[in-house]
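Q: Sharing a structure with you now.
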Amino acid sequence: MASTGQATDLPEAVQQPAIKADPKWFVMGGVVSIVAWLALIPLFFLIYQSFRTPGTARKPAIWTLGNYFDAYSSSDTLVLFANSVEFAAGTAVLALVVGTALAWMTERTNTPLKPLFYALSIIPLIIPGILFVVSWIFLASPKIGLINLALQKILGTDKVYVDIYSMAGMIWVDGLHYAPIAFLLMTAAFRAMDPSLEESAMMSGASMWGIFRRITLKLAFPAVAASFLILFVRSIESFEVPALLGLPVGIQVFTSAIYDAIHSYPSNIGLAAAYAITLLVITMGGIYFQSRITAQGGKYSTVTGKGFRPRTIDLGRWKYLTAGIFVVYALLVVVLPFIVLLWSSLQKYYSVPSWEALQNVSLTAYKTVINYPSVGTAVWNSFLLSVGTATTVMLLTAVVCWIVLRTKIPGRWVLDQVASVPLVLPGLVMGLAIMVCYLSIGGGIYGSIWILFIAYVTRFLPYGMRYNTTSMVQLHKELEESAAMSGASWFTAFRKVVLPLLKPGLLAGWIYIVIVSVRELSSSILLYSPGTEVVSIVIWEMWQNGQYVELSAFGVMLIATLFVFVMTAQWLGKRFGVKES
Amino acid sequence: MLTVKGLNTEYPSLKGPPVKAAQDVAFEVPAGKFFTLLGPSGCGKTTTLRSIAGLERPVGGEISVNGRLVYSAEKKIFIPPNQRNFGMVFQSYAIWPHMTVFANAAFPLEVRKTKLSKKEIRDKVMRVLSAVALDQYAEREATRLSGGQQQRLALARALVMEPELLLLDEPLSNLDAKLRDRMRFELKRIQRELGLTTIYVTHDQGEALALSHEIAVMNEGRIVQVGAPRDIYDHPRTKFVADFIGTTNFIDGVALGQDSTSGRWNVRTPVGDLLVHTDQTLAANMRVTVSIRPEDVELLEEPAAANGYNLVSGLVDQKVFLGDMVDFQVKVDDYILLSRAHPSLRTPIGDRIYIRMNPEKCVAIPDTSPARAAA
Ligand SMILES: Nc1ncnc2c1ncn2[C@@H]1O[C@H](COP(=O)(O)OP(=O)(O)O)[C@@H](O)[C@H]1O
Ligand SMILES: [Mg+2]
């Protein structure tokens with residue numbers, strides 16, 4: 001004990017005289033400034049812009065409350081608000097119900113096909129949101145939707161059975177897409193629960209249903225509520241679904257309204273900023289309550305016994321039903337969407353499956369895509385951006401985490417908070433803030449690929465923080481201290497001891513950020529310009545141009561690439577696991 | 001009352017063969033008795049208890065309670081745990097944190113098939129809560145109870161259902177030493193007053209000896225000896241049992257022959273020829289280990305007359321003063337014998353000392369005994 005005490009005191013004693021020249025202060029100072037700049041300055045410009053009139057050559061911008069007045073005086077805003085809440089709450093509920101049921105089945109029952117399901121939960125990493133939405137349009141649009149066509153053929157009517165261009169359709173698509181996140185959140189919650197709490201109810205004579213209702217569900221409540229809020233925030237931030245399914249039929253939510261305000265002529269950035277601030281307040285509220293609930297959930301932790309996984313419930317014949325639910329779910333989120341994309345990618349012109357169409361199967365679309373002018377640029381840009389972003393973020397946050405967890409610098413928790421600020425910023429709001437910021441500052445950043453780089457780094461800072469924190473918490477402080485005791489300088493210790501030990505975690509985080517960067521759409525959509533397209537933008541443009549078969553071919557190739565990448569990541573990062581969260 | 005026959009329980013393991021956590025476990029517990037499964041951590045006590053509870057599904061054997069089969073591999077009977085009506089206290093207590101003390105205790109009555117009125121439930125619950133001295137905390141949040149109180153609440157919850165069998169899995173292990181001693185008496189009192197057939201699991205030999213009518217000592221998934229506490233302590237049948245329960249001296253030797261009048265065996269050991277007791281069949285020239293407890297190694301400053309006792313002498317090698325007693329290590333030849341003596345004995349280190357051992361307390365264990373585990 002005594003020697004440990006000395007070891008912790010020692011570095012500080014050494015730090016004192018070295019305070020002027022030590023290179024670590026330059027590194028730390030630099031990192032802190034970069035993080036603060038990235039996370040805070042755009043937000044400042046966004047707020048600033050929301051109080052300014054649009055400036056033109058003739059009329060300079062002036063201070064105004066007009067944007068807020070415009071945003072709140074119109075009755076449309078009420079509809080907008082109601083739509084957003086309905087959409088987000090509906091999505092969250094659907095995702096949560098599906099995710100919880102699936103988590104319970106995999107964690108607590110003997111349902112067959114379980115391993116399949118864990119594999120399924122990483123699918124949303126592989127299928128970018130925009131492709132998922134497009135494939136559901138192929139499936140369930142009133143005109144070309146396969147589900148409608150099939151039902152009409154079977155039943156001999158021309159009635160439209162499902163319409164994806166509706167609030168219900170939006171909730172359906174986004175809810176399915178987020179269900180795996182709910183699944184992962186709830187799986188973690190089930191695992192954290194002491195199984196003897198359920199077993200003692202069993203011994204008390206309670207039925208299976210009674211246990212689920214009176215014990216499991218009640219205990220899981222904090223986790224359920226927290227997950228609901230996370231999903232709510234996620235879906236109120238969603239851009240792809242409202243843009244592709246809502247806008248065509250005039251169902252607007254905040255994200256699509258922001259996009260509309262910017263892309264209307266003349267573009268009204270002040271109004272967009274006012275909407276963005278409102279959205280920001282909502283997401284901040286959601287995340288605030290979520291963190292409160294999570295903190296309170298701590299009181300539910302009791303003395304726990306030995307940590308063996310609970311015995312799973314034998315469902316008897318019912319297990320075929322639960323396995324069936326798995327299969328249906330897999331069909332809905334993976335198989336059907338992928339198959340329709342694959343099908344349409346093999347056509348020359350988009351057509352529904354039929355014998356004739358089957359004759360026309362060709363790889364023309366793939367050839368077109370490969371020779372498509374912007375595709376090469378976009379792939380190269382995406383490659384540069386994702387690798388650059390992932391590397392920058394992981395290194396930057398490694399230092400930040402080290403400062404937060406390992407030093408005694410006063411106010412270091414502020415740094416943690418600042419680095420987490422981007423978490424509450426919806427992608428579109430972030431894009432807008434950065435756009436406003438660098439338009440005002442100038443310097444040629446806007447219009448170059450650097451603006452996308454800045455946006456991605458900012459956006460994914462919190463992910464880097466999370467991966468680094470997880471691995472650094474596991475890295476025992478004494479390992480570093482013994483390096484110091486052996487005479488290593490701070491820099492050498494960090495490079496030779498800390499970094500190598502963090503490597504698996506860093507690698508997992510790096511891969512995750514590469515993947516999310518490749519899929520990024522909602523920030524990029526406001527920041528790209530000709531020549532700086534990225535892959536998601538190309539897909540977006542193809543959709544706008546009605547190039548469905550090319551889009552499908554490109555999508556299939558993208559999914560295949562991401563799949564290989566995720567599999568490699570899983571294999572590499574077994575210890576930390578790369579997963580959506 | 002409870003009969004367990006040929007019980008085998010396995011856990012599947014990811015790689016390799018399944019873990020055989022309980023193997024051929026068999027015992028009987030008469031009604032109203034307090035039966036303890038005792039053994040080192042990982043020996044399969046919890047597994048055996050959970051198999052009785054129905055929380056694990058065994059792969060072979062038979063369990064019956066009051067003549068009712070609750071599990072039989074042969075007849076393919078498996079009564080689910082929620083229909084067995086056994087009360088169970090978990091090592092972690094498993095108090096539901098989202099309920100009050102009262103709601104926790106009332107739960108078994110509320111979920112049972114035959115519905116009771118609100119008043120009946122209230123009466124029954126308050127009765128058990130006062131039996132465990134928690135009646136004044138009935139409306140408190142269960143999470144705001146101390147460890148000892150949570151333990152008593154877990155017990156109350158198991159008692160309120162008037163179980164046929166009470167199953168306790170190391171219920172005292174999460175309590176601090178003082179509280180543990182108090183709860184030990186409480187448990188014994190409640191068990192005796194209610195006349196509940198109780199199966200108790202512990203790794204603490206002191207607890208087992210103090211509480212039980214009968215103890216089954218387990219090792220590596222098997223029961224190695226069953227008997228009354230005294231019997232197990234005085235007459236261990238294997239080195240493992242002798243070593244696990246209490247402290248003991250082991251002396252290696254070879255059986256010479258049986259004394260026809262007393263029935264005692266004569267064993268040649270490095271400390272001299274000893275007369276020993278045994279319950280097991282020995283044969284001449286068999287290798288045996290003689291086990292003798294330190295408190296049965298009597299120390300004398302003057303040589304004494306034999307009178308049928310074993311006598312040896314040695315030199316005092318080490319002394320450790322423990323307050324109410326002194327531990328002596330006496331070197332006899334190359335053997336160190338541990339003896340527990342009254343503090344009034346003050347023989348200095350290096351002096352000669354005489355040892356007297358009652359043959360009744362020197363227990364010979366044949367080396368062919370199955371337990372190899374004693375280290
Ligand atoms: N759920 C489980 N899955 C796999 N192995 C288990 C499980 N529970 C217990 N075991 C193993 O079975 C053996 C007996 O465990 P247990 O009955 O809990 O021992 P005890 O209660 O005596 O400490 C141990 O080797 C333990 O590792
Ligand atoms: Mg145990």
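Residue numbers start at 1 in each chain; chains themselves are named A, B, ... in the order of the structure tokens; ligands are numbered from 1 in the order shown.
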Give as a ChimeraX atom specification every residue of chain B that touches chain A within 6 Å, counting only C-alpha atoms.
A: /B:81-83,92,94,97,108,111-112
Q: Just the residues within 8 Å of Val128 (chain B), please, counting only C-alpha atoms, with nothing from its chain fewer than 3 positions along; format it as a PyMOL selection string.
A: chain B and resi 124-125+131-132+156+159-160
Q: Determine, counting only C-alpha atoms, which protein, DNA and RNA residues have an atom within 9 Å of an atom of Lys45 (chain B); residues of the same chain fewer than 2 positions away are not included. Present the result as a list of chain:residue names.
A: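 My list of contacting residues is B:Ala21, B:Ala22, B:Leu37, B:Leu38, B:Gly39, B:Pro40, B:Ser41, B:Gly42, B:Cys43, B:Thr47, B:Thr48, B:Leu49, B:Arg50, B:Asp169, B:Val201, B:Thr202, B:His203, B:Met218, B:Asn219, B:Gly221.
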Q: Taking only C-alpha atoms into account, name the residue in A:Pro500, A:Pro462, A:Ala390, A:Thr322 that is nearest to Leu415 (chain A).
A: A:Pro462
Q: Fewer than 2 positions away in the same chain doesn't count, so skip those; otherwise give me all residues within 10 Å of region 73-85 of chain A, counting only C-alpha atoms, as JSON, numbers by chain.
A: {"A": [66, 67, 68, 69, 70, 71, 87, 88, 89, 90, 91, 167, 232, 235, 236, 237, 242, 251, 252, 253, 254, 255, 256, 257, 275, 278, 279, 282]}
Q: Store the residues picked out above, limited to N, CA and C atoms, as a PDB file, in the first residue's frame.
A:
ATOM      1  N   GLY A  66     -36.700  38.049 -36.643  1.00  0.00           N
ATOM      2  CA  GLY A  66     -37.645  37.655 -37.682  1.00  0.00           C
ATOM      3  C   GLY A  66     -37.650  36.170 -37.982  1.00  0.00           C
ATOM      4  N   ASN A  67     -36.473  35.542 -37.946  1.00  0.00           N
ATOM      5  CA  ASN A  67     -36.419  34.118 -38.250  1.00  0.00           C
ATOM      6  C   ASN A  67     -37.264  33.310 -37.273  1.00  0.00           C
ATOM      7  N   TYR A  68     -37.112  33.662 -35.990  1.00  0.00           N
ATOM      8  CA  TYR A  68     -37.902  32.939 -34.993  1.00  0.00           C
ATOM      9  C   TYR A  68     -39.370  33.278 -35.151  1.00  0.00           C
ATOM     10  N   PHE A  69     -39.610  34.557 -35.478  1.00  0.00           N
ATOM     11  CA  PHE A  69     -40.992  34.970 -35.678  1.00  0.00           C
ATOM     12  C   PHE A  69     -41.613  34.168 -36.824  1.00  0.00           C
ATOM     13  N   ASP A  70     -40.868  34.098 -37.941  1.00  0.00           N
ATOM     14  CA  ASP A  70     -41.355  33.320 -39.086  1.00  0.00           C
ATOM     15  C   ASP A  70     -41.577  31.860 -38.695  1.00  0.00           C
ATOM     16  N   ALA A  71     -40.615  31.354 -37.969  1.00  0.00           N
ATOM     17  CA  ALA A  71     -40.679  29.938 -37.642  1.00  0.00           C
ATOM     18  C   ALA A  71     -41.846  29.633 -36.720  1.00  0.00           C
ATOM     19  N   PHE A  87     -43.518  11.174 -35.684  1.00  0.00           N
ATOM     20  CA  PHE A  87     -42.572  10.332 -36.414  1.00  0.00           C
ATOM     21  C   PHE A  87     -41.519   9.737 -35.466  1.00  0.00           C
ATOM     22  N   ALA A  88     -40.936  10.607 -34.635  1.00  0.00           N
ATOM     23  CA  ALA A  88     -39.852  10.137 -33.771  1.00  0.00           C
ATOM     24  C   ALA A  88     -40.374   9.176 -32.711  1.00  0.00           C
ATOM     25  N   ALA A  89     -41.525   9.512 -32.113  1.00  0.00           N
ATOM     26  CA  ALA A  89     -42.054   8.643 -31.068  1.00  0.00           C
ATOM     27  C   ALA A  89     -42.493   7.311 -31.659  1.00  0.00           C
ATOM     28  N   GLY A  90     -43.144   7.382 -32.816  1.00  0.00           N
ATOM     29  CA  GLY A  90     -43.590   6.147 -33.465  1.00  0.00           C
ATOM     30  C   GLY A  90     -42.418   5.252 -33.807  1.00  0.00           C
ATOM     31  N   THR A  91     -41.385   5.849 -34.381  1.00  0.00           N
ATOM     32  CA  THR A  91     -40.199   5.081 -34.738  1.00  0.00           C
ATOM     33  C   THR A  91     -39.572   4.454 -33.498  1.00  0.00           C
ATOM     34  N   MET A 167     -47.015   8.736 -43.145  1.00  0.00           N
ATOM     35  CA  MET A 167     -46.413   8.739 -41.819  1.00  0.00           C
ATOM     36  C   MET A 167     -46.157   7.305 -41.359  1.00  0.00           C
ATOM     37  N   PHE A 232     -35.576   7.997 -29.787  1.00  0.00           N
ATOM     38  CA  PHE A 232     -36.369   9.172 -30.136  1.00  0.00           C
ATOM     39  C   PHE A 232     -35.456  10.241 -30.738  1.00  0.00           C
ATOM     40  N   SER A 235     -34.251   9.267 -34.157  1.00  0.00           N
ATOM     41  CA  SER A 235     -35.190   9.334 -35.265  1.00  0.00           C
ATOM     42  C   SER A 235     -35.630  10.761 -35.550  1.00  0.00           C
ATOM     43  N   ILE A 236     -35.617  11.604 -34.528  1.00  0.00           N
ATOM     44  CA  ILE A 236     -35.978  12.997 -34.839  1.00  0.00           C
ATOM     45  C   ILE A 236     -34.849  13.638 -35.646  1.00  0.00           C
ATOM     46  N   GLU A 237     -33.665  13.039 -35.576  1.00  0.00           N
ATOM     47  CA  GLU A 237     -32.535  13.520 -36.372  1.00  0.00           C
ATOM     48  C   GLU A 237     -32.495  12.911 -37.768  1.00  0.00           C
ATOM     49  N   PRO A 242     -37.395  11.021 -43.812  1.00  0.00           N
ATOM     50  CA  PRO A 242     -38.282  12.156 -44.083  1.00  0.00           C
ATOM     51  C   PRO A 242     -38.051  12.763 -45.458  1.00  0.00           C
ATOM     52  N   ILE A 251     -45.239  15.641 -46.124  1.00  0.00           N
ATOM     53  CA  ILE A 251     -45.164  15.439 -44.681  1.00  0.00           C
ATOM     54  C   ILE A 251     -43.799  15.951 -44.237  1.00  0.00           C
ATOM     55  N   GLN A 252     -43.820  17.113 -43.580  1.00  0.00           N
ATOM     56  CA  GLN A 252     -42.532  17.693 -43.193  1.00  0.00           C
ATOM     57  C   GLN A 252     -42.230  17.483 -41.723  1.00  0.00           C
ATOM     58  N   VAL A 253     -40.967  17.184 -41.442  1.00  0.00           N
ATOM     59  CA  VAL A 253     -40.489  17.184 -40.051  1.00  0.00           C
ATOM     60  C   VAL A 253     -39.341  18.185 -39.999  1.00  0.00           C
ATOM     61  N   PHE A 254     -38.757  18.381 -38.833  1.00  0.00           N
ATOM     62  CA  PHE A 254     -37.745  19.427 -38.705  1.00  0.00           C
ATOM     63  C   PHE A 254     -36.591  19.253 -39.685  1.00  0.00           C
ATOM     64  N   THR A 255     -36.089  18.018 -39.784  1.00  0.00           N
ATOM     65  CA  THR A 255     -34.922  17.849 -40.651  1.00  0.00           C
ATOM     66  C   THR A 255     -35.252  18.190 -42.096  1.00  0.00           C
ATOM     67  N   SER A 256     -36.403  17.706 -42.564  1.00  0.00           N
ATOM     68  CA  SER A 256     -36.714  17.994 -43.968  1.00  0.00           C
ATOM     69  C   SER A 256     -37.052  19.469 -44.147  1.00  0.00           C
ATOM     70  N   ALA A 257     -37.589  20.114 -43.106  1.00  0.00           N
ATOM     71  CA  ALA A 257     -37.892  21.543 -43.199  1.00  0.00           C
ATOM     72  C   ALA A 257     -36.598  22.351 -43.283  1.00  0.00           C
ATOM     73  N   TYR A 275     -35.022  26.806 -37.152  1.00  0.00           N
ATOM     74  CA  TYR A 275     -35.525  25.430 -37.015  1.00  0.00           C
ATOM     75  C   TYR A 275     -34.472  24.548 -36.345  1.00  0.00           C
ATOM     76  N   THR A 278     -34.304  24.893 -32.700  1.00  0.00           N
ATOM     77  CA  THR A 278     -35.424  24.198 -32.063  1.00  0.00           C
ATOM     78  C   THR A 278     -35.138  22.701 -31.966  1.00  0.00           C
ATOM     79  N   LEU A 279     -34.695  22.152 -33.073  1.00  0.00           N
ATOM     80  CA  LEU A 279     -34.384  20.724 -33.089  1.00  0.00           C
ATOM     81  C   LEU A 279     -33.307  20.397 -32.055  1.00  0.00           C
ATOM     82  N   ILE A 282     -34.663  20.144 -28.631  1.00  0.00           N
ATOM     83  CA  ILE A 282     -35.349  18.871 -28.411  1.00  0.00           C
ATOM     84  C   ILE A 282     -34.335  17.747 -28.163  1.00  0.00           C
TER      85      ILE A 282
END
Q: Near region 521-523 of chain A, counting only C-alpha atoms, which residues have an atom at most 10 Å away, once you skip same-chain residues fewer than 6 positions from it, shown as a PyMOL selection string?
A: chain A and resi 128-130+237-240+255+259+426-435+452+455-456+459+534-537+539-540
Q: Set the distance at 8 Å and use only C-alpha atoms: which residues neighbour region 172-174 of chain B once local chain neighbours fewer than 4 positions away are removed? I'd like the list as an NGL selection string.
A: :B and (91-92 or 147 or 151 or 180 or 183-184)
Q: Looking at B:Leu155, B:Val4, B:Leu168, B:Met99, which one is nearest to ligand 2, with distances taken over only C-alpha atoms and all ligand atoms?
A: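 Residue with the minimum atom-to-atom distance to ligand 2: B:Leu168.
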Q: Skip Pro303 (chain B) itself and residues of its chain fewer than 6 positions away, then list as a list in words all residues within 9 Å of it, counting only C-alpha atoms.
A: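 Close residues of Pro303 (chain B): Leu311, Ser313, Ile353, Tyr354 and Ile355 of chain B.
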